[in-house]
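What follows is a single structure, written as structure tokens, with notes after it.
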Amino acid sequence: MEQAELAAWLRLTLAPGLGSHAARQLLRAFGSPSAIFQQDVAALTQVVEQGEAGKLRREPPDFDQHIAATWAWLQQDQAQRALVTLGDPEYPESLLQIADPPLLLYRLGRPLTEVRVALAMVGSRNPTAQGLQNAREFARALAGQGLTIVSGLALGIDGAAHDGALEGAQADVLATIAVVGTGLDRVYPARHRALAHRIAERGALVSEYPIGTPPLPHNFPRRNRLISGLSQGTLVVEAAVQSGSLITARLAAEQGKEVFAIPGSIHSPQARGCHVLLREGAKLAESAQDVLEELQLAPRAPRVDADEAEEGEDDPLLSAMGYDPVGLDALIARTGIPAPQLQATLLELELAGHVARLPGGLFQRVGTA
């Protein structure tokens with residue numbers, strides 16, 4: 001993209017008070033942003049309201065700085081960085097089907113044309129240990145079958161989903177897409193900086209927000225429509241009843257996409273949103289195979305690791321724990337094991353990855369997805 005074309009796209013997208021619907025109407029009428037800005041007000045008012053046409057005649061605030069910052073960002077690594085405009089061959093066709101497709105996408109990483117089938121995975125920023133493991137294992141298994149995992153780079157389930165996809169994806173598949181609510185010159189949250197760099201190498205980071213955009217609260221719910229829009233279905237791993245994950249799931253349903261939910265403990269607040277979705281008709285997902293079958297995807301040959309054998313299946317303490325959080329006193333009552341011996345055994349199981357220690361002196365068995 002030449003700098004003059006970049007300037008025209010930025011001017012169109014940054015025009016104050018001009019909605020994306022009006023911008024799309026103008027593009028349909030005149031073909032390109034450059035052509036739009038060659039029109040007089042009379043021609044523009046044949047397509048949009050007079051007030052909107054007048055706004056196009058004025059440059060957006062700090063426009064020169066936006067051009068300079070975006071151009072400099074693009075030039076840093078032209079192999080990994082791109083501005084994908086509406087109508088560009090790389091623009092995802094699935095986004096064209098949503099109610100409000102962005103005029104352009106900033107992309108860092110591999111081209112979006114490498115995506116075959118995408119699945120969104122979303123969930124709580126404060127998940128249980130089991131939720132984190134489910135997210136990582138589902139993503140790992142599904143990416144191993146050729147799916148691209150789409151999420152939002154947030155703490156908790158999002159991060160685990162990206163991580164699992166990077167671990168499980170075949171070399172020829174774009175592993176994961178992170179749809180972020182900031183400009184791509186920033187990483188939010190900051191602790192996911194290393195994860196973002198890994199995603200850029202084997203997947204892609206995508207944003208509709210200009211370079212330099214900080215993490216503004218209202219941008220994150222808005223980007224949820226892109227997470228669901230890029231995907232053939234949405235899997236909710238854990239979610240509270242009032243959460244952005246449920247918004248994403250309902251957007252997916254409105255877009256005609258499949259919605260999946262993993263059930264959890266009736267005592268866990270993080271599971272209640274999934275149970276609401278299941279009551280509303282979401283598909284039950286107890287394994288990655290459930291998702292593949294519902295999407296009618298033939299599984300590839302499974303990738304087998306030498307250390308994948310399940311351990312601890314017959315352990316009496318694990319059987320006594322079940323899968324709900326439980327305290328030490330309750331375990332003593334269930335098992336009759338003295339407290340010192342029980343604490344030592346719990347520590348061994350925790351180190352082996354079969355038990356997670358939770359706040360409040362609770363323990364939870366961690367099962368495989």
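As shown in the structure tokens, the chain order sets the letters A, B, ...; within each chain, residues go from 1, and ligands are also counted from 1 in the order they appear.
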task: Compile the contact shell of segment 253-257 of chain A as an NGL selection string: residues with an atom at most 8 Å away, counting only C-alpha atoms, same-chain residues fewer than 5 positions apart removed.
output: :A and (97-98 or 228-229 or 231-234)
Deliver the residues from the most recent selection as a file, using N, CA and C atoms, as a tab-separated table (two decimals), in the first residue's frame.
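Saved the output as again22.tsv:
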```
chain	number	residue	atom	x	y	z
A	97	GLN	N	-19.97	-11.07	6.44
A	97	GLN	CA	-21.34	-11.52	6.71
A	97	GLN	C	-21.90	-10.95	8.01
A	98	ILE	N	-21.07	-10.27	8.83
A	98	ILE	CA	-21.58	-9.74	10.09
A	98	ILE	C	-22.22	-8.38	9.87
A	228	SER	N	-16.19	-13.69	17.23
A	228	SER	CA	-17.20	-14.63	16.75
A	228	SER	C	-17.31	-14.59	15.23
A	229	GLY	N	-17.17	-13.40	14.65
A	229	GLY	CA	-17.33	-13.27	13.20
A	229	GLY	C	-16.26	-13.98	12.40
A	231	SER	N	-15.01	-16.76	13.11
A	231	SER	CA	-15.02	-18.17	13.46
A	231	SER	C	-16.27	-18.88	12.95
A	232	GLN	N	-16.13	-20.18	12.77
A	232	GLN	CA	-17.27	-20.99	12.36
A	232	GLN	C	-18.15	-21.34	13.56
A	233	GLY	N	-17.57	-21.30	14.74
A	233	GLY	CA	-18.31	-21.56	15.96
A	233	GLY	C	-17.59	-20.94	17.14
A	234	THR	N	-18.26	-20.90	18.29
A	234	THR	CA	-17.67	-20.33	19.50
A	234	THR	C	-17.83	-21.32	20.64
```
- request: Please identify which residues in segment 87-262 of chain A DSSP calls strand (DSSP E) from the backbone, and express them as a PyMOL selection string.
  value: chain A and resi 104-109+117-122+147-151+176-179+204-207+233-236+258-261
Based on the selection just made, write C-alpha atoms of those residues as a PDB file, in the first residue's frame.
```pdb
ATOM      1  CA  LEU A 104      -9.908  -2.236   7.683  1.00  0.00           C
ATOM      2  CA  LEU A 105      -7.932  -4.582   9.905  1.00  0.00           C
ATOM      3  CA  TYR A 106      -4.421  -4.117  11.210  1.00  0.00           C
ATOM      4  CA  ARG A 107      -2.651  -7.482  11.077  1.00  0.00           C
ATOM      5  CA  LEU A 108       0.617  -8.589  12.695  1.00  0.00           C
ATOM      6  CA  GLY A 109       1.817 -12.100  11.866  1.00  0.00           C
ATOM      7  CA  VAL A 117     -11.554 -23.372   9.662  1.00  0.00           C
ATOM      8  CA  ALA A 118     -11.578 -21.121  12.747  1.00  0.00           C
ATOM      9  CA  LEU A 119     -13.124 -21.700  16.160  1.00  0.00           C
ATOM     10  CA  ALA A 120     -13.458 -19.009  18.833  1.00  0.00           C
ATOM     11  CA  MET A 121     -12.609 -19.980  22.403  1.00  0.00           C
ATOM     12  CA  VAL A 122     -13.546 -17.560  25.170  1.00  0.00           C
ATOM     13  CA  LEU A 147      -8.521 -25.516  13.262  1.00  0.00           C
ATOM     14  CA  THR A 148      -7.331 -21.978  13.935  1.00  0.00           C
ATOM     15  CA  ILE A 149      -8.229 -20.939  17.493  1.00  0.00           C
ATOM     16  CA  VAL A 150      -9.523 -17.356  17.801  1.00  0.00           C
ATOM     17  CA  SER A 151      -9.543 -15.546  21.132  1.00  0.00           C
ATOM     18  CA  THR A 176      -4.275 -18.921  16.494  1.00  0.00           C
ATOM     19  CA  ILE A 177      -5.632 -15.399  16.010  1.00  0.00           C
ATOM     20  CA  ALA A 178      -5.680 -12.856  18.843  1.00  0.00           C
ATOM     21  CA  VAL A 179      -8.280 -10.137  18.287  1.00  0.00           C
ATOM     22  CA  ALA A 204      -1.738 -13.481  13.799  1.00  0.00           C
ATOM     23  CA  LEU A 205      -2.778 -10.547  15.957  1.00  0.00           C
ATOM     24  CA  VAL A 206      -5.648  -8.500  14.557  1.00  0.00           C
ATOM     25  CA  SER A 207      -7.180  -5.150  15.496  1.00  0.00           C
ATOM     26  CA  GLY A 233     -18.308 -21.563  15.965  1.00  0.00           C
ATOM     27  CA  THR A 234     -17.672 -20.334  19.500  1.00  0.00           C
ATOM     28  CA  LEU A 235     -16.708 -22.516  22.470  1.00  0.00           C
ATOM     29  CA  VAL A 236     -17.258 -21.042  25.935  1.00  0.00           C
ATOM     30  CA  GLU A 258     -22.560 -22.802  16.324  1.00  0.00           C
ATOM     31  CA  VAL A 259     -22.213 -22.177  20.067  1.00  0.00           C
ATOM     32  CA  PHE A 260     -20.611 -24.765  22.358  1.00  0.00           C
ATOM     33  CA  ALA A 261     -20.266 -24.766  26.140  1.00  0.00           C
TER      34      ALA A 261
END
```
- request: Between A:Pro316, A:Gly17, A:Pro89, A:Pro102, single out the one closest to Gly51 of chain A, counting only C-alpha atoms.
  value: A:Gly17
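The list of residues with at least one atom within 9 Å of Pro269 of chain A, based on only C-alpha atoms and without residues fewer than 2 positions apart in the same chain, reads Glu238, Ala239, Ala240, Val241, Ser265, Ile266, His267, Ala271, Arg272 and Gly273 of chain A.
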Those residues with C-alpha atoms, as a PDB file, in the first residue's frame please?
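Final output, saved to result-v7.pdb:
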```pdb
ATOM      1  CA  GLU A 238     -15.969 -20.952  31.682  1.00  0.00           C
ATOM      2  CA  ALA A 239     -18.000 -17.792  32.169  1.00  0.00           C
ATOM      3  CA  ALA A 240     -19.995 -15.966  34.793  1.00  0.00           C
ATOM      4  CA  VAL A 241     -23.612 -15.126  34.000  1.00  0.00           C
ATOM      5  CA  SER A 265     -19.597 -27.769  38.779  1.00  0.00           C
ATOM      6  CA  ILE A 266     -22.980 -26.536  39.954  1.00  0.00           C
ATOM      7  CA  HIS A 267     -21.096 -24.849  42.809  1.00  0.00           C
ATOM      8  CA  ALA A 271     -19.644 -22.465  35.265  1.00  0.00           C
ATOM      9  CA  ARG A 272     -22.989 -20.729  35.554  1.00  0.00           C
ATOM     10  CA  GLY A 273     -22.681 -18.820  32.291  1.00  0.00           C
TER      11      GLY A 273
END
```
Output as a PDB file with C-alpha atoms, in the first residue's frame all residues of segment 36-104 of chain A that backbone DSSP marks as helix (DSSP H, G or I).
```pdb
ATOM      1  CA  ILE A  36     -14.555   9.589  -2.217  1.00  0.00           C
ATOM      2  CA  VAL A  41     -20.463  17.893  -1.250  1.00  0.00           C
ATOM      3  CA  ALA A  42     -23.265  17.683  -3.803  1.00  0.00           C
ATOM      4  CA  ALA A  43     -22.057  14.291  -5.032  1.00  0.00           C
ATOM      5  CA  LEU A  44     -21.503  13.005  -1.511  1.00  0.00           C
ATOM      6  CA  GLN A  50     -25.451  16.367   4.307  1.00  0.00           C
ATOM      7  CA  GLY A  51     -23.957  16.497   7.811  1.00  0.00           C
ATOM      8  CA  GLU A  52     -21.932  13.355   7.137  1.00  0.00           C
ATOM      9  CA  ALA A  53     -20.782  14.720   3.804  1.00  0.00           C
ATOM     10  CA  GLY A  54     -19.616  17.901   5.485  1.00  0.00           C
ATOM     11  CA  LYS A  55     -17.559  15.926   8.011  1.00  0.00           C
ATOM     12  CA  LEU A  56     -15.660  14.264   5.184  1.00  0.00           C
ATOM     13  CA  PHE A  63      -4.275  13.297  11.117  1.00  0.00           C
ATOM     14  CA  ASP A  64      -0.635  13.799  10.109  1.00  0.00           C
ATOM     15  CA  GLN A  65       0.526  12.033  13.279  1.00  0.00           C
ATOM     16  CA  HIS A  66      -1.783   9.071  12.534  1.00  0.00           C
ATOM     17  CA  ILE A  67      -0.360   8.749   9.029  1.00  0.00           C
ATOM     18  CA  ALA A  68       3.233   8.958  10.234  1.00  0.00           C
ATOM     19  CA  ALA A  69       2.732   6.451  13.065  1.00  0.00           C
ATOM     20  CA  THR A  70       0.904   3.927  10.882  1.00  0.00           C
ATOM     21  CA  TRP A  71       3.372   4.221   8.017  1.00  0.00           C
ATOM     22  CA  ALA A  72       6.316   3.773  10.393  1.00  0.00           C
ATOM     23  CA  TRP A  73       4.646   0.722  11.971  1.00  0.00           C
ATOM     24  CA  LEU A  74       4.049  -0.875   8.574  1.00  0.00           C
ATOM     25  CA  GLN A  75       7.617  -0.283   7.429  1.00  0.00           C
ATOM     26  CA  GLN A  76       9.200  -1.977  10.465  1.00  0.00           C
ATOM     27  CA  GLU A  93     -15.044 -13.471   3.950  1.00  0.00           C
ATOM     28  CA  SER A  94     -16.712 -14.488   7.212  1.00  0.00           C
ATOM     29  CA  LEU A  95     -16.431 -10.897   8.484  1.00  0.00           C
ATOM     30  CA  LEU A  96     -18.292  -9.622   5.438  1.00  0.00           C
ATOM     31  CA  GLN A  97     -21.336 -11.517   6.714  1.00  0.00           C
TER      32      GLN A  97
END
```
message: Can you pull out the residues contacting Ala143 of chain A? Cut-off 8 Å, using only C-alpha atoms, and skip same-chain residues under 4 positions away; I want them as number ranges by chain.
response: A: 139, 147-149, 165-166, 168-170, 175
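Note that atom CA of Thr182 of chain A and atom CA of Pro214 of chain A are 5.4 Å apart.
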message: Just want the 7 Å neighbourhood of Glu137 of chain A, counted on only C-alpha atoms, with same-chain residues fewer than 3 positions away dropped. Output as an MDAnalysis selection string.
response: chainID A and resid 133:134 140:141 164 369
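If you measure from each of A:Arg24, A:Arg81, A:Leu318, A:Leu184 to Glu348 of chain A using only C-alpha atoms, the closest one turns out to be A:Leu318.
Nearest residue to Pro127 of chain A, choosing from A:Pro16, A:Gly336, A:Gly156, A:Gly264 and counting only C-alpha atoms: A:Gly156.
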